[in-house]
Amino acid sequence: MAINTITSSIFLLLCLFLVCSFVCQGYALEEGKDTADTRHRYRPHIVKISSLLASNVCNPITEAPHHKKATLKVVHKHGPCSHLNQLGDQKMSASDEIKLLEQDQLRVNSIHSQLSKRSGDPGFRGPKSTKSAIPVRSGQTIGSGNYIVTVGLGTPKKQLSLVLDTGSALSWTQCEPCVRYCYAQKEPIFKPLESTSYANVSCASELCNALESTTGVSPGCITSTCEYGVQYGDNSYSVGYLSKERLTLTSSDVIENFYFGCGQNNRGLFRGAAGLLGLSRDRLSLIFQSGKKYGRYFSYCLPSSRSSTGFLSFGYRRPRKAFKFTPLSSLTKDTQFYGLDMTGISVGGKTLPITASVFSKAGTVIDSGTVITRLPPKAYDAVRKAFRQLMSDYKAAQSYSILDTCYDFTGVESVFVPKISFFFSGGVEVEVDVSGIIYAVSQSQVCLALAGNGDDSDVGIFGNFQHLKWEVAYDVGKERVGFSPSAC
C-alpha cells in the first residue's frame, strides 16, 4: 500500500512537472526567451554567418532558363558579376552600404509622393525650362535601382546595360551629342546618326501628348521633335528626344519601332549604366509596346546575392500553374504601379495579430527598385517585436541607417533565424528566403531587412530584397502577380 502511494505521488509530481514545462515554454515564447524547444517547434532557418557576407567572386546560376521567349541575364550593379562594378575585386564599404540605403529611402519617398498625389520638386519643370540646354537602374521620379540587363539598340545594334525598373514607364539611354551633360557610363554612348533604324518622334504624335501622364513632366517641342524630361527621387534626371528604334533582346527577339528616350542632358547616380528599361503598367513601357509579342507577361528572378545572377524573361517561361497568383489591387488601378493587397504577416510560423485595416488603409505596391520592404508602422512594430523575441539569445548591435533591429554575430558560426511569410489576397503566401530576411553589412552588423513607414497613410512597398530566390511573374493582361519559389 505504501509502495502504491509513493508510486502515485511520483506520477503526480511527474505530471505536474510536464505541465509546468509546457506552460513555461509557452511563456518563454511570449516573453521572447529563445529556447531550443521553441526553435524546434518553429523550425527556423539555420544559417552560417559566412554565407551571409558579400563575396567578391561571381557565382552565376548554373543553368539559364530554357523557353521559347526572350530571357536576359540580370546582375546586381554593385556585384562582381556586373561589368559596371567600379569596385573591381573589392567589396562595398560600410559608407557605400549607407549610401545605398539612403538612396533607397529617397526612392521610397518619391513613390509615396506620387501615390499621395503630392507635388514633386518645383524646381524641375522639364524640357521647357531647359530648352537652351537640350539639344535604371532608376525609376520615373523614383530613384536609383540595383539590377542590370543588357540589350541591343539600333542597326547595327549597340549593346547597352540598362537598369530594369517596374516602377518606370519610359525607357531611355544617353545619346550623342550630349548637348549639355552626360554622366560617365561603361559602354560607348549611343550614337543615333550611326543607326539606320533610328527616327525622332513628332510633337504632333499621340505618344508625345501622353508623355506628361507617363513622366509627370509636360513634353517640349524643338523643330517639330518631341522632347521628354524625367526626374528621379535622388535628383537624377534625363532630358532629350522621344525617339523610336530597333530593340534587340536576343538574337531571335527583336522589337521594331520601340519608343524610348534619347537623353542628351543626363545627370545622376546611375553607376555606369547607359540608362533605364521601363517595365511599369504604362502604355510607353516595354511591356505594353511588346504586348502582341509576349502577351504583356514577364517574370524575373533576382540574383540571390550580389555575387550571383538572375534572369528577366518575356512571355510564359513555364506553365502558369507553377505560380501562386494574387490579383492586382484596385488602389493602384489608375497608376503605373503594380499594387497588391497584403493581408497578413507571420514570424516564426505564427501569424501576427494585425488587423486587416492596417494593410488596406494605404495599400501595398511591389517594386523591383526598392531594396527594403516598407510596412505600415503598426505592422512593422508587430514584426519587429516578434523577431526580437525569437532572436533574444543573440547580442544586439546598433541600428544601421534605416534598419533598427541589428545583431553582433562576432565569434558566432551559425545562427537560428525565424522564418517570415507575407500573405496576399487569393490565399497567396510568400515565405521569404533567409537571404531576404537579414541584411549583412559585416559579421558585427547583421540586421532585419525590413523597415517601417513614417505614417499609416504611406503606401507599403514589397521590396526586392524580399523577392530573392522567388520568380515573380507579372501577368499584366490578366491583372495579377504570381510567385514561384526556388527559381534561381
# chains A, B, ... in the order shown; residues from 1 in each chain; ligands from 1
$ residues_around --residues "stretch 291-305 of chain A" --least-positions-apart "4" --cutoff "9 Å" --atoms "only C-alpha atoms" --output "NGL selection string"
:A and (52 or 54-55 or 60-61 or 69-70 or 74-76 or 79 or 147 or 255 or 279 or 286-287 or 309-317 or 368 or 435-436 or 464-465 or 467-478 or 482 or 487-488)
$ atom_distance --atom1 "atom CA of A:Tyr241" --atom2 "atom CA of A:Glu256"
17.9 Å
$ select_by_dssp --residues "stretch 120-306 of chain A" --states "alpha helix (DSSP H)" --output "PDB file with C-alpha atoms, in the first residue's frame"
ATOM      1  CA  GLU A 206      -0.294  60.817 -79.746  1.00  0.00           C
ATOM      2  CA  LEU A 207       2.556  59.348 -77.700  1.00  0.00           C
ATOM      3  CA  CYS A 208       4.188  62.742 -77.329  1.00  0.00           C
ATOM      4  CA  ASN A 209       0.960  64.127 -75.914  1.00  0.00           C
ATOM      5  CA  LEU A 211       4.269  61.915 -72.034  1.00  0.00           C
ATOM      6  CA  GLU A 212       3.005  64.096 -69.191  1.00  0.00           C
ATOM      7  CA  SER A 213       0.897  61.279 -67.728  1.00  0.00           C
ATOM      8  CA  THR A 214       3.889  58.958 -68.087  1.00  0.00           C
ATOM      9  CA  THR A 215       6.677  61.128 -66.707  1.00  0.00           C
ATOM     10  CA  LEU A 286       8.359  47.827 -72.810  1.00  0.00           C
ATOM     11  CA  ILE A 287       5.608  45.536 -71.511  1.00  0.00           C
ATOM     12  CA  PHE A 288       2.881  47.337 -73.425  1.00  0.00           C
ATOM     13  CA  GLN A 289       4.985  48.035 -76.504  1.00  0.00           C
ATOM     14  CA  GLY A 291       2.272  43.253 -75.771  1.00  0.00           C
ATOM     15  CA  LYS A 292       1.380  41.481 -79.021  1.00  0.00           C
ATOM     16  CA  LYS A 293       4.607  39.503 -78.967  1.00  0.00           C
ATOM     17  CA  TYR A 294       4.691  38.461 -75.303  1.00  0.00           C
TER      18      TYR A 294
END
$ closest_atom_pairs --of "stretch 270-339 of chain A" --to "stretch 232-240 of chain A" --cutoff "12 Å" --atoms "only C-alpha atoms" --output "JSON lines"
{"residue": "A:Phe270", "atom": "CA", "partner": "A:Ser236", "partner_atom": "CA", "distance": 8.3}
{"residue": "A:Arg271", "atom": "CA", "partner": "A:Ser236", "partner_atom": "CA", "distance": 11.5}
{"residue": "A:Ala274", "atom": "CA", "partner": "A:Ser238", "partner_atom": "CA", "distance": 11.3}
{"residue": "A:Gly275", "atom": "CA", "partner": "A:Ser238", "partner_atom": "CA", "distance": 8.9}
{"residue": "A:Leu276", "atom": "CA", "partner": "A:Ser238", "partner_atom": "CA", "distance": 10.2}
$ write_last_selection --atoms "N, CA and C atoms" --output "short mmCIF file (atom, residue, chain, number, x, y, z; two decimals), in the first residue's frame"
data_model
loop_
_atom_site.label_atom_id
_atom_site.label_comp_id
_atom_site.auth_asym_id
_atom_site.auth_seq_id
_atom_site.Cartn_x
_atom_site.Cartn_y
_atom_site.Cartn_z
N PHE A 270 23.72 56.70 -61.60
CA PHE A 270 23.40 55.50 -62.37
C PHE A 270 24.55 54.50 -62.43
N ARG A 271 25.68 54.84 -61.81
CA ARG A 271 26.80 53.92 -61.60
C ARG A 271 27.26 53.24 -62.89
N ALA A 274 23.86 52.65 -68.87
CA ALA A 274 23.57 53.52 -70.02
C ALA A 274 22.20 54.16 -69.93
N GLY A 275 21.35 53.69 -69.02
CA GLY A 275 20.00 54.23 -68.90
C GLY A 275 19.09 53.29 -68.17
N LEU A 276 17.84 53.24 -68.60
CA LEU A 276 16.81 52.53 -67.85
C LEU A 276 15.88 51.76 -68.79
#
$ closest_residue --among "A:Leu160, A:Gly167, A:Ile437, A:Lys333" --to "A:Ser110" --atoms "only C-alpha atoms"
A:Gly167
$ atom_distance --atom1 "atom CA of A:Ser425" --atom2 "atom CA of A:Met342"
6.4 Å
$ atom_distance --atom1 "atom CA of A:Val432" --atom2 "atom CA of A:Thr355"
21.2 Å
$ select_by_dssp --residues "stretch 288-461 of chain A" --states "strand (DSSP E or B)" --output "PyMOL selection string"
chain A and resi 297-301+309-314+324-327+338-340+342-347+350-351+364-366+373-375+396-397+400+403+406-407+414-417+420-424+428-431+438-442+445-448+450-452+460-461
$ closest_residue --among "A:Phe424, A:Lys361, A:Pro188, A:Val417" --to "A:Arg43" --atoms "only C-alpha atoms"
A:Val417
$ residues_around --residues "A:Val434" --least-positions-apart "5" --cutoff "9 Å" --atoms "only C-alpha atoms" --output "list in words"
His45, Val47, Val417, Pro418, Lys419, Ile420 and Leu468 of chain A
$ write_last_selection --atoms "C-alpha atoms" --output "short mmCIF file (atom, residue, chain, number, x, y, z; two decimals), in the first residue's frame"
data_model
loop_
_atom_site.label_atom_id
_atom_site.label_comp_id
_atom_site.auth_asym_id
_atom_site.auth_seq_id
_atom_site.Cartn_x
_atom_site.Cartn_y
_atom_site.Cartn_z
CA HIS A 45 16.48 28.83 -40.69
CA VAL A 47 22.37 29.90 -41.23
CA VAL A 417 16.78 32.97 -37.94
CA PRO A 418 12.96 32.97 -37.63
CA LYS A 419 11.02 32.37 -40.81
CA ILE A 420 8.93 35.26 -42.14
CA LEU A 468 15.19 36.90 -53.62
#
$ closest_residue --among "A:Leu284, A:Val217, A:Leu277, A:Cys226" --to "A:Leu164" --atoms "only C-alpha atoms"
A:Leu277
$ closest_residue --among "A:Ala362, A:Ala356, A:Leu193, A:Leu84" --to "A:Ser329" --atoms "only C-alpha atoms"
A:Ala362
$ closest_residue --among "A:Ser51, A:Asn266, A:Ser486, A:Ala204" --to "A:Tyr439" --atoms "only C-alpha atoms"
A:Ser51
$ closest_residue --among "A:Thr326, A:Asn453, A:Thr410, A:Gln336" --to "A:Lys378" --atoms "only C-alpha atoms"
A:Asn453
